[in-house]
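K.L.:
protein.cif is reproduced below (mmCIF, C-alpha atoms (C1' of nucleotides)).
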data_start
#
loop_
_atom_site.label_atom_id
_atom_site.label_comp_id
_atom_site.auth_asym_id
_atom_site.auth_seq_id
_atom_site.Cartn_x
_atom_site.Cartn_y
_atom_site.Cartn_z
CA MET P 7 0.00 0.00 0.00
CA THR P 8 1.12 3.54 -0.64
CA ILE P 9 1.12 6.22 1.99
CA GLY P 10 -2.05 7.71 0.50
CA GLU P 11 -3.83 4.41 0.87
CA VAL P 12 -2.86 3.84 4.49
CA ALA P 13 -3.65 7.46 5.20
CA ALA P 14 -7.18 6.92 3.91
CA ALA P 15 -7.45 3.61 5.73
CA SER P 16 -6.22 4.92 9.08
CA GLY P 17 -7.58 8.42 8.91
CA LEU P 18 -4.12 9.82 9.62
CA PRO P 19 -2.60 12.50 7.36
CA ALA P 20 0.32 11.29 5.24
CA LYS P 21 2.51 13.88 6.96
CA THR P 22 1.76 12.34 10.31
CA ILE P 23 2.55 8.86 9.04
CA ARG P 24 5.94 10.05 7.77
CA TYR P 25 6.51 11.60 11.16
CA TYR P 26 5.65 8.32 12.88
CA GLU P 27 8.22 6.60 10.74
CA GLU P 28 10.76 9.28 11.59
CA ILE P 29 10.31 8.69 15.32
CA GLY P 30 10.38 4.95 14.83
CA LEU P 31 6.77 3.99 15.53
CA ILE P 32 6.55 2.19 12.20
CA ARG P 33 9.11 0.90 9.69
CA PRO P 34 7.48 0.48 6.29
CA ASP P 35 9.40 -1.14 3.44
CA ARG P 36 10.47 0.80 0.38
CA GLY P 37 9.65 0.02 -3.24
CA ALA P 38 12.18 0.24 -6.07
CA ASN P 39 11.01 3.79 -6.78
CA GLY P 40 11.70 4.93 -3.22
CA TYR P 41 8.05 5.03 -2.27
CA ARG P 42 7.05 3.64 1.10
CA ASP P 43 5.34 0.26 0.83
CA PHE P 44 3.04 -0.45 3.76
CA SER P 45 2.14 -3.98 4.79
CA GLU P 46 -1.14 -5.00 6.37
CA THR P 47 0.71 -5.07 9.67
CA ASP P 48 1.83 -1.49 9.17
CA ALA P 49 -1.74 -0.51 8.35
CA ARG P 50 -3.00 -2.17 11.52
CA LYS P 51 -0.37 -0.39 13.57
CA LEU P 52 -1.44 2.93 12.12
CA VAL P 53 -5.06 2.27 13.01
CA PHE P 54 -3.85 1.39 16.49
CA LEU P 55 -1.83 4.59 16.71
CA ALA P 56 -4.70 6.72 15.45
CA ARG P 57 -6.99 5.30 18.11
CA ALA P 58 -4.42 5.56 20.91
CA ARG P 59 -3.62 9.17 19.99
CA SER P 60 -7.33 10.00 19.87
CA LEU P 61 -7.53 8.77 23.45
CA GLY P 62 -4.80 11.21 24.31
CA PHE P 63 -1.88 8.82 24.79
CA SER P 64 1.48 10.49 24.14
CA THR P 65 3.61 9.13 21.35
CA GLU P 66 5.92 7.61 23.96
CA ASP P 67 2.94 5.85 25.53
CA CYS P 68 1.98 4.75 22.03
CA ARG P 69 5.43 3.27 21.56
CA ARG P 70 5.02 1.24 24.74
CA LEU P 71 1.47 0.25 23.88
CA LEU P 72 2.56 -0.89 20.44
CA SER P 73 5.32 -3.03 21.87
CA LEU P 74 2.86 -4.56 24.34
CA TYR P 75 0.43 -5.06 21.47
CA GLU P 76 3.07 -7.00 19.59
CA ASP P 77 4.29 -8.93 22.60
CA ARG P 78 2.27 -12.11 22.86
CA SER P 79 3.63 -12.85 26.30
CA ARG P 80 2.68 -9.45 27.70
CA ALA P 81 0.87 -9.08 31.00
CA SER P 82 -2.39 -7.16 30.76
CA ALA P 83 -1.38 -5.59 34.09
CA ASP P 84 1.30 -3.62 32.26
CA VAL P 85 -1.23 -2.22 29.81
CA LYS P 86 -3.63 -1.41 32.59
CA ARG P 87 -1.00 0.40 34.61
CA LEU P 88 -0.10 2.53 31.62
CA ALA P 89 -3.74 3.34 30.95
CA ARG P 90 -4.38 4.15 34.57
CA GLY P 91 -1.47 6.57 34.62
CA HIS P 92 -2.88 8.24 31.56
CA VAL P 93 -6.35 8.50 33.09
CA ALA P 94 -4.76 10.11 36.14
CA ARG P 95 -3.07 12.73 33.97
CA ILE P 96 -6.30 13.43 32.12
CA THR P 97 -8.21 13.71 35.37
CA ALA P 98 -5.66 16.15 36.74
CA LYS P 99 -5.88 18.24 33.60
CA ILE P 100 -9.67 18.29 33.76
CA LYS P 101 -9.53 19.45 37.37
CA GLU P 102 -7.14 22.21 36.44
CA LEU P 103 -9.39 23.36 33.61
CA GLU P 104 -12.50 23.15 35.79
CA THR P 105 -10.83 25.37 38.35
CA MET P 106 -10.08 27.90 35.64
CA ARG P 107 -13.57 27.72 34.27
CA VAL P 108 -15.19 28.25 37.66
CA ALA P 109 -13.04 31.32 38.29
CA LEU P 110 -13.64 32.70 34.83
CA ASP P 111 -17.36 32.05 34.92
CA ALA P 112 -17.60 34.02 38.16
CA LEU P 113 -15.69 36.92 36.64
CA VAL P 114 -17.67 36.90 33.42
CA ALA P 115 -20.91 36.89 35.42
CA GLN P 116 -19.80 39.95 37.32
CA CYS P 117 -18.83 41.96 34.27
CA HIS P 118 -21.52 44.23 32.87
CA GLY P 119 -20.14 43.90 29.39
CA ASP P 120 -21.18 47.36 28.28
CA ALA P 121 -19.43 50.40 26.85
CA ARG P 122 -18.08 51.58 30.20
CA PRO P 123 -14.52 50.83 31.32
CA ALA P 124 -15.29 49.45 34.80
CA CYS P 125 -14.46 45.75 34.61
CA PRO P 126 -14.30 43.17 37.41
CA ILE P 127 -12.36 40.84 35.16
CA LEU P 128 -9.46 43.24 34.72
CA GLU P 129 -9.65 44.20 38.36
CA ASP P 130 -9.25 40.60 39.36
CA LEU P 131 -6.35 40.03 36.99
CA ALA P 132 -4.56 43.02 38.48
CA ARG P 133 -4.91 41.74 42.03
CA ALA P 134 -1.79 39.99 43.27
CA ASP P 135 -3.58 37.85 45.84
CA SER P 136 -6.05 36.17 43.51
CA MET O 25 13.76 46.72 40.62
CA THR O 26 15.94 43.94 39.28
CA ILE O 27 14.57 40.90 37.51
CA GLY O 28 15.08 38.82 40.65
CA GLU O 29 12.95 41.21 42.65
CA VAL O 30 10.03 41.30 40.20
CA ALA O 31 10.32 37.55 39.83
CA ALA O 32 9.85 37.19 43.60
CA ALA O 33 7.06 39.79 43.60
CA SER O 34 5.13 38.27 40.70
CA GLY O 35 5.88 34.63 41.26
CA LEU O 36 7.14 34.31 37.69
CA PRO O 37 10.56 32.78 36.93
CA ALA O 38 13.14 35.29 35.69
CA LYS O 39 13.42 33.25 32.49
CA THR O 40 9.73 33.74 31.83
CA ILE O 41 9.98 37.47 32.42
CA ARG O 42 12.81 37.73 29.89
CA TYR O 43 10.65 35.78 27.48
CA TYR O 44 7.75 38.18 28.04
CA GLU O 45 10.04 41.05 27.18
CA GLU O 46 11.22 39.21 24.09
CA ILE O 47 7.65 38.85 22.79
CA GLY O 48 6.87 42.44 23.73
CA LEU O 49 4.50 42.01 26.66
CA ILE O 50 6.66 44.29 28.79
CA ARG O 51 9.41 46.80 28.03
CA PRO O 52 11.51 47.36 31.14
CA ASP O 53 14.18 50.08 31.17
CA ARG O 54 17.87 49.25 31.32
CA GLY O 55 20.36 50.47 33.91
CA ALA O 56 23.85 51.71 33.07
CA ASN O 57 25.19 48.21 33.69
CA GLY O 58 22.82 46.64 31.17
CA TYR O 59 20.58 45.16 33.83
CA ARG O 60 16.82 45.40 33.36
CA ASP O 61 15.26 48.01 35.61
CA PHE O 62 11.59 47.30 36.32
CA SER O 63 9.19 50.07 37.31
CA GLU O 64 6.19 49.62 39.58
CA THR O 65 4.06 49.60 36.44
CA ASP O 66 6.13 46.76 35.00
CA ALA O 67 5.75 44.87 38.26
CA ARG O 68 1.98 45.34 38.17
CA LYS O 69 1.86 44.13 34.59
CA LEU O 70 3.78 41.01 35.54
CA VAL O 71 1.36 40.26 38.35
CA PHE O 72 -1.44 40.75 35.83
CA LEU O 73 0.24 38.42 33.36
CA ALA O 74 0.88 35.77 35.99
CA ARG O 75 -2.78 35.78 36.96
CA ALA O 76 -4.05 35.82 33.38
CA ARG O 77 -1.76 32.94 32.42
CA SER O 78 -2.85 30.97 35.48
CA LEU O 79 -6.41 31.32 34.19
CA GLY O 80 -5.22 29.78 30.95
CA PHE O 81 -5.28 32.84 28.70
CA SER O 82 -2.82 32.55 25.82
CA THR O 83 -0.02 35.07 25.60
CA GLU O 84 -1.84 36.69 22.67
CA ASP O 85 -4.96 37.02 24.82
CA CYS O 86 -2.71 38.44 27.52
CA ARG O 87 -1.43 41.03 25.10
CA ARG O 88 -4.99 42.13 24.33
CA LEU O 89 -5.99 42.04 27.97
CA LEU O 90 -3.01 44.15 28.93
CA SER O 91 -3.84 46.74 26.31
CA LEU O 92 -7.44 46.83 27.54
CA TYR O 93 -6.14 47.08 31.10
CA GLU O 94 -4.11 50.12 30.13
CA ASP O 95 -6.84 51.70 28.04
CA ARG O 96 -8.94 53.90 30.29
CA SER O 97 -11.58 54.33 27.63
CA ARG O 98 -12.01 50.61 27.10
CA ALA O 99 -15.44 49.00 26.98
CA SER O 100 -15.89 46.19 29.47
CA ALA O 101 -17.81 44.41 26.71
CA ASP O 102 -14.52 43.84 24.90
CA VAL O 103 -12.98 42.22 27.95
CA LYS O 104 -16.05 40.12 28.50
CA ARG O 105 -16.12 38.90 24.92
CA LEU O 106 -12.49 37.86 25.16
CA ALA O 107 -13.09 36.05 28.44
CA ARG O 108 -16.18 34.32 27.07
CA GLY O 109 -14.24 33.07 24.09
CA HIS O 110 -11.63 31.68 26.43
CA VAL O 111 -14.26 29.99 28.59
CA ALA O 112 -15.69 28.42 25.44
CA ARG O 113 -12.28 27.00 24.51
CA ILE O 114 -11.76 25.67 28.02
CA THR O 115 -15.20 24.10 28.02
CA ALA O 116 -14.53 22.44 24.69
CA LYS O 117 -11.23 21.09 25.96
CA ILE O 118 -12.86 19.74 29.10
CA LYS O 119 -15.49 17.98 27.01
CA GLU O 120 -12.80 16.44 24.85
CA LEU O 121 -10.90 15.19 27.89
CA GLU O 122 -14.08 13.91 29.54
CA THR O 123 -14.83 11.91 26.43
CA MET O 124 -11.39 10.38 26.58
CA ARG O 125 -11.69 9.65 30.26
CA VAL O 126 -15.05 7.93 29.90
CA ALA O 127 -13.70 5.72 27.12
CA LEU O 128 -10.52 4.95 29.03
CA ASP O 129 -12.31 4.27 32.29
CA ALA O 130 -14.52 1.75 30.53
CA LEU O 131 -11.51 0.00 29.05
CA VAL O 132 -9.55 0.02 32.29
CA ALA O 133 -12.55 -1.44 34.10
CA GLN O 134 -12.72 -4.31 31.60
CA CYS O 135 -9.06 -5.20 31.84
CA HIS O 136 -8.17 -7.91 34.30
CA GLY O 137 -4.77 -6.43 34.90
CA ASP O 138 -3.11 -9.74 35.61
CA ALA O 139 -0.16 -11.66 34.17
CA ARG O 140 -2.10 -12.97 31.19
CA PRO O 141 -1.86 -11.33 27.75
CA ALA O 142 -5.61 -11.02 27.03
CA CYS O 143 -6.35 -7.30 27.17
CA PRO O 144 -9.54 -5.45 26.21
CA ILE O 145 -7.60 -2.19 26.11
CA LEU O 146 -5.28 -3.35 23.36
CA GLU O 147 -8.16 -5.03 21.58
CA ASP O 148 -10.04 -1.76 21.49
CA LEU O 149 -7.05 0.18 20.26
CA ALA O 150 -6.61 -2.27 17.43
CA ARG O 151 -10.22 -1.91 16.29
CA ALA O 152 -10.61 0.45 13.39
CA ASP O 153 -14.21 1.35 14.11
CA SER O 154 -13.77 2.56 17.66
"C1'" DA N 16 42.41 38.28 44.62
"C1'" DT N 17 38.70 35.67 44.65
"C1'" DA N 18 34.39 33.58 45.50
"C1'" DA N 19 29.42 33.85 45.68
"C1'" DG N 20 25.41 35.29 43.88
"C1'" DG N 21 23.29 38.17 41.14
"C1'" DG N 22 22.74 39.72 36.18
"C1'" DT N 23 23.38 39.25 30.59
"C1'" DT N 24 22.96 36.90 25.80
"C1'" DC N 25 22.33 33.16 22.74
"C1'" DC N 26 21.38 28.42 21.41
"C1'" DA N 27 18.96 24.18 21.77
"C1'" DG N 28 15.23 21.35 23.18
"C1'" DT N 29 10.40 20.31 24.36
"C1'" DC N 30 5.69 17.92 21.81
"C1'" DA N 31 3.30 16.38 17.88
"C1'" DC N 32 2.72 17.72 14.22
"C1'" DT N 33 1.92 21.11 9.93
"C1'" DG N 34 3.07 23.96 5.89
"C1'" DG N 35 5.71 24.71 2.06
"C1'" DA N 36 9.43 24.37 -1.38
"C1'" DA N 37 11.81 21.70 -4.76
"C1'" DG N 38 11.89 17.81 -7.11
"C1'" DG N 39 11.06 12.55 -8.62
"C1'" DT N 40 7.40 8.95 -10.42
"C1'" DC N 41 3.49 7.16 -12.63
"C1'" DA N 42 -0.78 6.51 -15.42
"C1'" DA N 43 -3.74 8.51 -18.77
"C1'" DG N 44 -4.88 11.32 -22.72
"C1'" DG N 45 -3.70 13.92 -27.04
"C1'" DC J 8 6.40 11.08 -27.37
"C1'" DC J 9 4.90 14.72 -24.51
"C1'" DT J 10 2.37 16.72 -21.18
"C1'" DT J 11 -0.65 17.08 -17.37
"C1'" DG J 12 -2.03 16.02 -12.91
"C1'" DA J 13 -1.94 13.40 -8.99
"C1'" DC J 14 0.83 11.18 -6.44
"C1'" DC J 15 5.28 10.46 -3.96
"C1'" DT J 16 10.06 12.01 -1.96
"C1'" DT J 17 13.22 14.92 1.25
"C1'" DC J 18 14.36 18.83 3.88
"C1'" DC J 19 13.59 23.09 6.41
"C1'" DA J 20 10.96 26.12 9.27
"C1'" DG J 21 7.36 27.25 12.40
"C1'" DT J 22 3.95 26.42 16.13
"C1'" DG J 23 3.35 27.90 22.12
"C1'" DA J 24 5.25 28.98 26.07
"C1'" DC J 25 8.59 28.28 28.07
"C1'" DT J 26 13.07 25.72 30.12
"C1'" DG J 27 17.93 24.27 30.53
"C1'" DG J 28 22.49 25.26 29.86
"C1'" DA J 29 26.79 27.51 28.39
"C1'" DA J 30 29.66 31.36 28.54
"C1'" DC J 31 30.30 35.60 30.21
"C1'" DC J 32 29.68 40.32 32.99
"C1'" DC J 33 28.71 43.04 37.53
"C1'" DT J 34 28.68 43.76 42.46
"C1'" DT J 35 29.74 42.97 47.06
"C1'" DA J 36 32.13 40.77 50.75
"C1'" DT J 37 36.02 38.55 52.53
#
Show the structure stored in the file as structure tokens.
P.N.:
Amino acid sequence: MTIGEVAAASGLPAKTIRYYEEIGLIRPDRGANGYRDFSETDARKLVFLARARSLGFSTEDCRRLLSLYEDRSRASADVKRLARGHVARITAKIKELETMRVALDALVAQCHGDARPACPILEDLARADS
Amino acid sequence: MTIGEVAAASGLPAKTIRYYEEIGLIRPDRGANGYRDFSETDARKLVFLARARSLGFSTEDCRRLLSLYEDRSRASADVKRLARGHVARITAKIKELETMRVALDALVAQCHGDARPACPILEDLARADS
DNA sequence: ATAAGGGTTCCAGTCACTGGAAGGTCAAGG
DNA sequence: CCTTGACCTTCCAGTGACTGGAACCCTTAT
């Protein structure tokens, strides 16, 4: 398969697939003309990567997940631990964003939003203790 | 004030303050020895920036907020619109992360997490339609 | 004289792509 | 046979918001 074909099959842009090769996530063969030649296995890995990335796994996590995926003697505990760590990071990020949103919502609610300059939002930003 | 003093006063690392000067968010004077010499106004701006960044505003948003902050004839509506846009982006990001977390939680719950290779997490990742 | 603890600049790296330039390859149509 | 267009290739630069480090200067105290 050409890069265009696996791109269509995986939903990943060709640029991204080249990048994944560059960082060693995949190693497609090359044809006589220098074009990449993707096997079914490569295509499956790309689908795997697309899904893992869409779940927010870093490319380094993806590398580990791929090697677990290919390791028939893996322990599911290893996969689970990795996933749990990722969930923890996501949860922390959500909390951080929620905190911001709560603070911002309060400020936005207080602001008249008219033509006058008085603005609780700017006043808050200028306060050192907030 | 020296950079170390405003760093302590604002809570921002000196490196970050230099970066803010580089991108034009502040323009501190220079002493005869080449050292940056921060005014009270600079210090207040840095506090403002620290707070705005902690609420997740981008540096470009910060630039606009700072210019509104300094504009005595501003309309609070402009500030509010900017803040609302930011809240919308945060909300969208939270939704995206929540979606990931729900999917991941479900997968983690299904995984035995033992020494055996069978793993619903990897099986999901390998599925093209998920 | 020197050592410590500031300050300065500049360069490189982070993460995961993305855009663009310059050029090679291939199949189809005139 | 030539061209056109759609592919493919590599390489370089840029994104955002810093952060680390090297190499060097300034000030003060000992």
K.L.:
Quick one: which residues end up in the PyMOL selection byres ((chain P and resi 50-61) around 8) for this structure, as a PyMOL selection string?
P.N.:
(chain P and resi 12+15-18+23+32+46-49+62-65+68+72) or (chain O and resi 124+127-128+149-152+154)
K.L.:
Can I get the selection written as a compact mmCIF listing (two decimals), in the frame of the given file, with C-alpha atoms?
P.N.:
# COMPACT_ATOMS: atom_id res chain seq x y z
CA VAL P 12 -2.86 3.84 4.49
CA ALA P 15 -7.45 3.61 5.73
CA SER P 16 -6.22 4.92 9.08
CA GLY P 17 -7.58 8.42 8.91
CA LEU P 18 -4.12 9.82 9.62
CA ILE P 23 2.55 8.86 9.04
CA ILE P 32 6.55 2.19 12.20
CA GLU P 46 -1.14 -5.00 6.37
CA THR P 47 0.71 -5.07 9.67
CA ASP P 48 1.83 -1.49 9.17
CA ALA P 49 -1.74 -0.51 8.35
CA GLY P 62 -4.80 11.21 24.31
CA PHE P 63 -1.88 8.82 24.79
CA SER P 64 1.48 10.49 24.14
CA THR P 65 3.61 9.13 21.35
CA CYS P 68 1.98 4.75 22.03
CA LEU P 72 2.56 -0.89 20.44
CA MET O 124 -11.39 10.38 26.58
CA ALA O 127 -13.70 5.72 27.12
CA LEU O 128 -10.52 4.95 29.03
CA LEU O 149 -7.05 0.18 20.26
CA ALA O 150 -6.61 -2.27 17.43
CA ARG O 151 -10.22 -1.91 16.29
CA ALA O 152 -10.61 0.45 13.39
CA SER O 154 -13.77 2.56 17.66
K.L.:
Give me, as a tab-separated table, each residue of chain O that comes within 8 Å of chain J, together with its shortest interatomic pair and the distance in Å at one decimal, counting only C-alpha atoms (C1' of nucleotides), with rows ordered by chain and rising residue number.
P.N.:
residue	atom	partner	partner_atom	distance
O:Lys39	CA	J:DT26	C1'	7.9
O:Thr40	CA	J:DC25	C1'	6.7
O:Tyr43	CA	J:DC25	C1'	7.8
O:Asn57	CA	J:DC33	C1'	7.3
K.L.:
With the cut-off set at 7 Å and counting all atoms listed in the file, tabulate each residue of segment 87-153 of chain O with an atom at most that distance from an atom of segment 78-94 of chain P, showing the nearest atom pair and its distance in Å to one decimal, ordered by chain and increasing number, as JSON lines.
P.N.:
{"residue": "O:Arg125", "atom": "CA", "partner": "P:Val93", "partner_atom": "CA", "distance": 6.2}
{"residue": "O:Leu128", "atom": "CA", "partner": "P:Val93", "partner_atom": "CA", "distance": 6.8}
{"residue": "O:Val132", "atom": "CA", "partner": "P:Lys86", "partner_atom": "CA", "distance": 6.1}
{"residue": "O:Cys135", "atom": "CA", "partner": "P:Lys86", "partner_atom": "CA", "distance": 6.7}
{"residue": "O:His136", "atom": "CA", "partner": "P:Ser82", "partner_atom": "CA", "distance": 6.8}
{"residue": "O:Gly137", "atom": "CA", "partner": "P:Ala83", "partner_atom": "CA", "distance": 3.6}
{"residue": "O:Asp138", "atom": "CA", "partner": "P:Ala83", "partner_atom": "CA", "distance": 4.7}
{"residue": "O:Ala139", "atom": "CA", "partner": "P:Ala81", "partner_atom": "CA", "distance": 4.2}
{"residue": "O:Arg140", "atom": "CA", "partner": "P:Ala81", "partner_atom": "CA", "distance": 4.9}
{"residue": "O:Pro141", "atom": "CA", "partner": "P:Ala81", "partner_atom": "CA", "distance": 4.8}
{"residue": "O:Ala142", "atom": "CA", "partner": "P:Ser82", "partner_atom": "CA", "distance": 6.3}
{"residue": "O:Cys143", "atom": "CA", "partner": "P:Ser82", "partner_atom": "CA", "distance": 5.3}
K.L.:
Please provide as a VMD selection string all residues within 10 Å of Ile27 of chain O, with the sequence filter that same-chain residues fewer than 4 positions apart are discarded (counting all atoms listed in the file).
P.N.:
(chain O and resid 31 to 33 36 to 39 41 to 42 52 59 to 62 67) or (chain N and resid 21 to 22)
K.L.:
Residues of chain N within 8 Å of chain P: nearest atom pair and distance (Å, one decimal) for each, counting all atoms listed in the file, sorted by chain and number, as CSV?
P.N.:
residue,atom,partner,partner_atom,distance
N:DC32,C1',P:Thr22,CA,6.7
N:DT33,C1',P:Lys21,CA,7.8
N:DT40,C1',P:Asn39,CA,7.3
K.L.:
Calculate how many Å separate atom CA of Gly48 of chain O from atom CA of Ile114 of chain O, rounding to one decimal.
P.N.:
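Atom CA of Gly48 of chain O sits 25.4 Å away from atom CA of Ile114 of chain O.
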K.L.:
Measure the distance from atom CA of Ala98 of chain P to atom CA of Thr115 of chain O in Å and round it to one decimal.
P.N.:
15.2 Å
K.L.:
From the options P:Gln116, P:Glu27, P:Met7, P:Ile100, which residue's atoms come nearest to chain O, counting all atoms listed in the file?
P.N.:
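Under the stated criterion, the closest residue is P:Ile100.
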K.L.:
Using all atoms listed in the file, which of the listed residues (O:Ser63, O:Arg113, O:Thr26, O:Ile47) sits closest to chain P?
P.N.:
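Counting all atoms listed in the file, the residue closest to chain P is O:Arg113.
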K.L.:
Between atom CA of Leu131 of chain O and atom CA of Lys119 of chain O, what is the spacing in Å?
P.N.:
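Separation of atom CA of Lys119 of chain O and atom CA of Leu131 of chain O: 18.5 Å.
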